[in-house]
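Shown next: coords.pdb, containing PDB, C-alpha atoms.
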ATOM      1  CA  MET A 921      -4.019  11.247  15.693
ATOM      2  CA  VAL A 922      -4.541  10.779  11.975
ATOM      3  CA  PRO A 923      -0.955  10.083  10.765
ATOM      4  CA  ALA A 924      -0.262   7.535  13.504
ATOM      5  CA  TRP A 925      -3.544   5.644  13.274
ATOM      6  CA  PHE A 926      -3.741   5.925   9.491
ATOM      7  CA  ASN A 927      -0.500   3.986   8.990
ATOM      8  CA  THR A 928      -1.229   1.608  11.855
ATOM      9  CA  ILE A 929      -4.602   0.582  10.450
ATOM     10  CA  ASN A 930      -3.072   0.306   6.987
ATOM     11  CA  ALA A 931      -0.409  -2.082   8.317
ATOM     12  CA  ILE A 932      -2.945  -4.162  10.248
ATOM     13  CA  ILE A 933      -5.297  -4.525   7.279
ATOM     14  CA  THR A 934      -2.392  -5.356   4.963
ATOM     15  CA  ALA A 935      -0.904  -8.010   7.242
ATOM     16  CA  PHE A 936      -4.007  -9.757   8.538
ATOM     17  CA  LEU A 937      -6.621  -9.278   5.809
ATOM     18  CA  VAL A 938      -5.148  -8.321   2.457
ATOM     19  CA  ILE A 939      -2.135 -10.644   2.248
ATOM     20  CA  PRO A 940      -4.208 -13.835   2.783
ATOM     21  CA  ILE A 941      -6.702 -12.603   0.163
ATOM     22  CA  ILE A 942      -3.919 -11.893  -2.330
ATOM     23  CA  SER A 943      -2.442 -15.341  -1.713
ATOM     24  CA  LYS A 944      -5.790 -16.935  -2.587
ATOM     25  CA  MET A 945      -6.102 -14.683  -5.648
ATOM     26  CA  ALA A 946      -2.651 -15.770  -6.823
ATOM     27  CA  SER A 947      -3.544 -19.445  -6.364
ATOM     28  CA  LYS A 948      -6.785 -19.054  -8.317
ATOM     29  CA  TRP A 949      -5.906 -16.541 -11.048
ATOM     30  CA  GLY A 950      -2.114 -16.501 -11.119
ATOM     31  CA  LYS A 951       0.451 -14.126  -9.650
ATOM     32  CA  LYS A 952       0.422 -11.715 -12.579
ATOM     33  CA  ASN A 953      -3.356 -11.285 -12.513
ATOM     34  CA  ALA A 954      -3.366 -11.024  -8.725
ATOM     35  CA  PHE A 955      -0.795  -8.222  -8.950
ATOM     36  CA  LEU A 956      -2.737  -6.375 -11.649
ATOM     37  CA  ILE A 957      -6.005  -6.607  -9.691
ATOM     38  CA  SER A 958      -4.451  -5.567  -6.371
ATOM     39  CA  THR A 959      -2.653  -2.618  -7.991
ATOM     40  CA  ALA A 960      -5.851  -1.496  -9.735
ATOM     41  CA  LEU A 961      -7.635  -1.592  -6.374
ATOM     42  CA  SER A 962      -4.872   0.529  -4.860
ATOM     43  CA  ILE A 963      -5.435   3.173  -7.557
ATOM     44  CA  ILE A 964      -9.114   3.295  -6.564
ATOM     45  CA  GLY A 965      -7.942   3.870  -2.993
ATOM     46  CA  TYR A 966      -5.659   6.722  -4.011
ATOM     47  CA  ILE A 967      -8.522   8.406  -5.862
ATOM     48  CA  LEU A 968     -10.851   8.016  -2.866
ATOM     49  CA  LYS A 969      -8.403  10.078  -0.791
ATOM     50  CA  TRP A 970      -9.815  13.195  -2.465
ATOM     51  CA  TRP A 971     -13.067  12.740  -0.546
ATOM     52  CA  GLY A 972     -11.346  11.302   2.510
ATOM     53  CA  PHE A 973      -9.542  14.603   3.129
ATOM     54  CA  ASP A 974     -12.626  16.752   2.516
ATOM     55  CA  LYS A 975     -13.369  18.513   5.840
ATOM     56  CA  GLU A 976     -16.911  19.475   4.908
ATOM     57  CA  LEU A 977     -17.755  15.948   3.801
ATOM     58  CA  ASN A 978     -16.243  14.535   6.982
ATOM     59  CA  SER A 979     -18.321  16.940   9.072
ATOM     60  CA  LYS A 980     -21.490  15.812   7.308
ATOM     61  CA  PHE A 981     -20.568  12.172   7.888
ATOM     62  CA  ASN A 982     -19.895  12.837  11.581
ATOM     63  CA  ASP A 983     -23.456  14.173  11.902
ATOM     64  CA  THR A 984     -24.945  10.925  10.599
ATOM     65  CA  SER A 985     -26.025   8.174  12.972
ATOM     66  CA  LEU A 986     -23.128   5.990  11.779
ATOM     67  CA  GLY A 987     -20.584   8.742  12.347
ATOM     68  CA  GLU A 988     -21.969   9.526  15.796
ATOM     69  CA  GLY A 989     -21.953   5.822  16.647
ATOM     70  CA  LEU A 990     -18.332   5.412  15.595
ATOM     71  CA  THR A 991     -17.260   8.483  17.563
ATOM     72  CA  SER A 992     -19.178   7.331  20.630
ATOM     73  CA  THR A 993     -17.649   3.847  20.484
ATOM     74  CA  LEU A 994     -14.158   5.235  19.985
ATOM     75  CA  GLY A 995     -14.688   7.646  22.862
ATOM     76  CA  PHE A 996     -15.604   4.761  25.164
ATOM     77  CA  ILE A 997     -12.499   2.797  24.157
ATOM     78  CA  PHE A 998     -10.034   5.662  24.459
ATOM     79  CA  GLU A 999     -11.498   6.914  27.710
ATOM     80  CA  TYR A1000      -9.826   3.797  29.079
ATOM     81  CA  LEU A1001      -6.741   3.719  26.808
ATOM     82  CA  ASN A1002      -5.625   7.375  26.834
ATOM     83  CA  PRO A1003      -4.291   7.395  30.438
ATOM     84  CA  ILE A1004      -2.313   4.215  29.729
ATOM     85  CA  LEU A1005      -0.870   5.622  26.499
ATOM     86  CA  ASN A1006       0.106   8.840  28.288
ATOM     87  CA  ASP A1007       1.827   6.902  31.070
ATOM     88  CA  ILE A1008       4.018   4.944  28.636
ATOM     89  CA  GLY A1009       4.970   8.007  26.607
ATOM     90  CA  MET A1010       2.658   7.391  23.646
ATOM     91  CA  SER A1011       0.515  10.495  23.972
ATOM     92  CA  TRP A1012       0.964  11.025  20.222
ATOM     93  CA  PHE A1013      -1.097   7.838  19.754
ATOM     94  CA  THR A1014      -4.076   8.999  21.795
ATOM     95  CA  ILE A1015      -7.375  10.207  20.381
ATOM     96  CA  ASP A1016      -9.585  12.991  21.685
ATOM     97  CA  PRO A1017     -13.095  11.866  20.672
ATOM     98  CA  GLY A1018     -14.362  15.367  21.437
ATOM     99  CA  ASN A1019     -12.660  16.618  18.267
ATOM    100  CA  ASP A1020     -14.111  16.024  14.819
ATOM    101  CA  ILE A1021     -12.572  12.752  13.683
ATOM    102  CA  PRO A1022     -12.082  12.583   9.897
ATOM    103  CA  TRP A1023     -13.556   9.104   9.557
ATOM    104  CA  LEU A1024     -13.636   9.208   5.765
ATOM    105  CA  ILE A1025      -9.849   9.369   5.648
ATOM    106  CA  PHE A1026      -9.830   5.693   6.593
ATOM    107  CA  LEU A1027     -12.106   4.710   3.689
ATOM    108  CA  PRO A1028      -9.320   4.301   1.081
ATOM    109  CA  ILE A1029      -7.126   2.151   3.338
ATOM    110  CA  PRO A1030      -8.548  -1.281   2.401
ATOM    111  CA  PHE A1031      -8.052  -0.443  -1.273
ATOM    112  CA  PHE A1032      -4.458   0.748  -1.362
ATOM    113  CA  ALA A1033      -3.499  -1.830   1.244
ATOM    114  CA  PHE A1034      -3.877  -4.203  -1.701
ATOM    115  CA  GLY A1035      -1.068  -2.342  -3.455
ATOM    116  CA  MET A1036       1.359  -2.868  -0.569
ATOM    117  CA  GLY A1037       0.163  -6.420   0.034
ATOM    118  CA  GLY A1038       0.491  -7.311  -3.628
ATOM    119  CA  LEU A1039       3.961  -5.827  -3.885
ATOM    120  CA  PHE A1040       5.545  -7.567  -0.909
ATOM    121  CA  THR A1041       3.590 -10.825  -1.201
ATOM    122  CA  LEU A1042       3.902 -11.511  -4.912
ATOM    123  CA  MET A1043       7.160  -9.910  -5.992
ATOM    124  CA  MET A1044       9.525 -12.193  -4.060
ATOM    125  CA  SER A1045       7.490 -15.237  -5.112
ATOM    126  CA  MET A1046       7.753 -14.142  -8.738
ATOM    127  CA  THR A1047      11.480 -13.542  -8.226
ATOM    128  CA  ALA A1048      11.808 -17.207  -7.238
ATOM    129  CA  ASP A1049      10.162 -18.203 -10.531
ATOM    130  CA  VAL A1050      12.647 -16.004 -12.410
ATOM    131  CA  CYS A1051      15.496 -17.744 -10.561
ATOM    132  CA  ASP A1052      14.177 -21.106 -11.806
ATOM    133  CA  LEU A1053      14.043 -19.770 -15.367
ATOM    134  CA  ASP A1054      17.599 -18.472 -15.074
ATOM    135  CA  GLU A1055      18.813 -21.869 -13.827
ATOM    136  CA  LEU A1056      17.052 -23.601 -16.727
ATOM    137  CA  GLU A1057      18.678 -21.324 -19.298
ATOM    138  CA  ASN A1058      22.092 -20.719 -17.698
ATOM    139  CA  GLY A1059      22.630 -23.635 -15.351
ATOM    140  CA  MET A1060      24.021 -23.697 -11.844
ATOM    141  CA  PRO A1061      24.831 -21.998  -9.560
ATOM    142  CA  ARG A1062      21.450 -20.505  -8.807
ATOM    143  CA  LYS A1063      21.340 -16.731  -8.428
ATOM    144  CA  GLU A1064      18.728 -16.047  -5.738
ATOM    145  CA  GLY A1065      21.156 -13.685  -4.020
ATOM    146  CA  THR A1066      21.768 -11.685  -7.190
ATOM    147  CA  PHE A1067      18.103 -11.341  -8.111
ATOM    148  CA  GLY A1068      17.132 -10.577  -4.514
ATOM    149  CA  ALA A1069      19.819  -7.885  -4.330
ATOM    150  CA  ILE A1070      18.611  -6.329  -7.590
ATOM    151  CA  TYR A1071      15.022  -6.339  -6.314
ATOM    152  CA  TRP A1072      15.855  -4.599  -3.041
ATOM    153  CA  LEU A1073      18.238  -2.217  -4.795
ATOM    154  CA  MET A1074      15.329  -1.060  -6.965
ATOM    155  CA  VAL A1075      13.151  -0.701  -3.847
ATOM    156  CA  LYS A1076      15.803   1.509  -2.225
ATOM    157  CA  ILE A1077      16.200   3.558  -5.405
ATOM    158  CA  GLY A1078      12.428   4.036  -5.495
ATOM    159  CA  GLN A1079      12.418   5.164  -1.878
ATOM    160  CA  SER A1080      15.233   7.625  -2.588
ATOM    161  CA  ILE A1081      13.366   9.054  -5.583
ATOM    162  CA  ALA A1082      10.237   9.365  -3.433
ATOM    163  CA  LEU A1083      12.156  11.391  -0.831
ATOM    164  CA  VAL A1084      13.488  13.753  -3.488
ATOM    165  CA  LEU A1085      10.095  14.073  -5.174
ATOM    166  CA  GLY A1086       8.441  14.802  -1.826
ATOM    167  CA  GLY A1087      10.400  18.012  -1.384
ATOM    168  CA  LEU A1088      10.053  18.936  -5.040
ATOM    169  CA  ILE A1089       6.277  18.465  -4.968
ATOM    170  CA  LEU A1090       5.955  20.614  -1.843
ATOM    171  CA  LYS A1091       7.806  23.377  -3.664
ATOM    172  CA  ILE A1092       5.716  23.019  -6.820
ATOM    173  CA  VAL A1093       2.377  23.178  -4.970
ATOM    174  CA  GLY A1094       3.480  26.307  -3.113
ATOM    175  CA  PHE A1095       3.810  24.847   0.395
ATOM    176  CA  ASP A1096       5.151  27.455   2.820
ATOM    177  CA  PRO A1097       6.896  25.906   5.864
ATOM    178  CA  ASN A1098       6.935  29.268   7.637
ATOM    179  CA  VAL A1099       3.167  29.551   8.037
ATOM    180  CA  THR A1100       0.813  27.545  10.227
ATOM    181  CA  VAL A1101      -2.138  27.521   7.826
ATOM    182  CA  GLN A1102      -1.578  26.907   4.117
ATOM    183  CA  THR A1103      -3.666  28.580   1.416
ATOM    184  CA  LEU A1104      -6.661  26.767  -0.083
ATOM    185  CA  ASP A1105      -4.928  26.499  -3.460
ATOM    186  CA  THR A1106      -1.862  24.957  -1.839
ATOM    187  CA  MET A1107      -3.910  22.350   0.017
ATOM    188  CA  ASN A1108      -5.905  21.467  -3.091
ATOM    189  CA  ASN A1109      -2.725  21.139  -5.155
ATOM    190  CA  LEU A1110      -1.189  19.009  -2.418
ATOM    191  CA  ARG A1111      -4.230  16.728  -2.412
ATOM    192  CA  ILE A1112      -4.066  16.399  -6.195
ATOM    193  CA  ALA A1113      -0.362  15.506  -6.039
ATOM    194  CA  ASP A1114      -1.029  13.017  -3.229
ATOM    195  CA  ILE A1115      -3.493  11.233  -5.524
ATOM    196  CA  LEU A1116      -1.869  11.720  -8.920
ATOM    197  CA  VAL A1117       1.716  10.659  -8.177
ATOM    198  CA  PRO A1118       0.997   7.246  -6.575
ATOM    199  CA  SER A1119      -1.792   6.564  -9.087
ATOM    200  CA  LEU A1120       0.538   7.187 -12.033
ATOM    201  CA  THR A1121       3.356   5.087 -10.572
ATOM    202  CA  ALA A1122       0.901   2.264  -9.813
ATOM    203  CA  ALA A1123      -0.389   2.470 -13.391
ATOM    204  CA  LEU A1124       3.215   2.311 -14.620
ATOM    205  CA  ALA A1125       3.758  -0.839 -12.534
ATOM    206  CA  MET A1126       0.646  -2.385 -14.113
ATOM    207  CA  TRP A1127       1.933  -1.547 -17.605
ATOM    208  CA  VAL A1128       5.294  -3.183 -16.862
ATOM    209  CA  MET A1129       3.650  -6.251 -15.300
ATOM    210  CA  TRP A1130       1.318  -6.608 -18.294
ATOM    211  CA  LYS A1131       4.359  -7.697 -20.329
ATOM    212  CA  TYR A1132       5.370 -10.358 -17.763
ATOM    213  CA  SER A1133       5.179 -13.669 -19.621
ATOM    214  CA  LEU A1134       6.140 -16.252 -16.973
ATOM    215  CA  SER A1135       2.757 -17.858 -16.323
ATOM    216  CA  GLU A1136       1.986 -20.363 -13.562
ATOM    217  CA  GLU A1137       1.841 -23.212 -16.100
ATOM    218  CA  ARG A1138       5.236 -22.306 -17.534
ATOM    219  CA  ALA A1139       6.754 -21.913 -14.039
ATOM    220  CA  GLU A1140       5.530 -25.405 -13.081
ATOM    221  CA  LYS A1141       6.978 -26.922 -16.249
ATOM    222  CA  ILE A1142      10.309 -25.232 -15.533
ATOM    223  CA  LYS A1143      10.349 -26.674 -12.005
ATOM    224  CA  GLU A1144       9.567 -30.150 -13.343
ATOM    225  CA  GLU A1145      12.366 -29.866 -15.901
ATOM    226  CA  LEU A1146      14.832 -28.736 -13.238
ATOM    227  CA  ILE A1147      13.906 -31.643 -10.966
ATOM    228  CA  LYS A1148      14.478 -34.083 -13.825
ATOM    229  CA  ARG A1149      17.841 -32.459 -14.518
ATOM    230  CA  ARG A1150      19.325 -32.246 -11.010
ATOM    231  CA  GLY A1151      16.736 -33.702  -8.601
ATOM    232  CA  GLU A1152      15.069 -31.972  -5.678
ATOM    233  CA  LEU A1153      17.075 -29.288  -3.890
TER     234      LEU A1153
END
The structure given in the file should be rewritten as structure tokens.
Amino acid sequence: MVPAWFNTINAIITAFLVIPIISKMASKWGKKNAFLISTALSIIGYILKWWGFDKELNSKFNDTSLGEGLTSTLGFIFEYLNPILNDIGMSWFTIDPGNDIPWLIFLPIPFFAFGMGGLFTLMMSMTADVCDLDELENGMPRKEGTFGAIYWLMVKIGQSIALVLGGLILKIVGFDPNVTVQTLDTMNNLRIADILVPSLTAALAMWVMWKYSLSEERAEKIKEELIKRRGEL
């Protein structure tokens, strides 16, 4: 239940809630500041995962009136949905409300959804500003294709590094694929790595973005200069 719904809720919050908020932040405070704020919020989300994965804390929350209310409501919904999901071959997406649902695992989602929303909302917009700057300094033809290719190349390289690091981290923390239940030390080390690695990379992104000097005012002046030079495109 958790992996499927965790990513689904993350995607929904990112698409329908976070991206519009980030767009307004960028309009009010600038793209650079919007990126820095959204990335800082994502780091808070990564840190909150330590408590989100705490079984004892989740059990205590489930015993509260709020936890019982959430479980009861979810049980009512999935009493209707589970047969439908089973019929269409999506049994992996069903939820058994009789089991202890780790509600606190969903607490960090709104925070690190800002990281994903900021990345994919602001980066391509900022790339367009860089293309304008390049045209101003180097003339035509414009190089949107080149800069876009470089951007997505770096995304793919990052994904490749993440895949390699995933296996390496599992080895470092002592994960044993041949056993059903991992040791307490292994799980704690895995939780630490799950928080530390994305937090450090997000902090690195903030450090790099801090040096970004193409402000909204400068980008507008560049656009005005380009229009004077060659008219509207």
Once 6 Å is added on each side, what centre and edge lengths in Å to one decimal does the axis-aligned box around all listed atoms of segment 1086-1101 of chain A have, as JSON?
{"center_x": 4.1, "center_y": 22.2, "center_z": 1.7, "size_x": 24.5, "size_y": 26.7, "size_z": 29.0}
Checklist entry - Of the residues A:Ile1004, A:Leu1073, A:Val938, A:Leu990, which is the one nearest to Phe1032 of chain A, using only C-alpha atoms? => result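 Closest to Phe1032 of chain A of all the choices is A:Val938.
In terms of minimum interatomic distance to Ser1119 of chain A, A:Gly965 ranks closest within A:Pro1022, A:Gly965, A:Pro940, A:Gly1151, counting all atoms listed in the file.
Put simply, atom CA of Arg1111 of chain A is 22.9 Å away from atom CA of Met1126 of chain A.
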Checklist entry - Using only C-alpha atoms, which of A:Ala1125, A:Ile1092, A:Ile933, A:Leu1146 sits nearest Leu1110 of chain A? => result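 The shortest atom-to-atom distance to Leu1110 of chain A comes from A:Ile1092.
Restricting the calculation to all atoms listed in the file, the smallest distance between Gly1035 of chain A and any of A:Val1099, A:Ile1089, A:Val1084, A:Ile964 is found for A:Ile964.
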Item to check | Pick from A:Asp1020, A:Asp1007, A:Asp1049, A:Asp983, whichever lies nearest to Glu1140 of chain A using all atoms listed in the file | outcome: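 Distance minimum relative to Glu1140 of chain A lands on A:Asp1049.
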Next on the checklist: Need the shell around Leu1053 of chain A: protein/DNA/RNA residues with any atom at most 8 Å away, counting all atoms listed in the file. Skip same-chain ones fewer than 3 positions apart. Format as a PyMOL selection string?
Outcome noted: chain A and resi 1049-1050+1056-1057+1139+1142
Next on the checklist: What's the separation between atom CA of Gly1037 of chain A and atom CA of Ala1082 of chain A, in Å to one decimal place?
Outcome noted: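 Rounded to one decimal, the two atoms are 19.0 Å apart.
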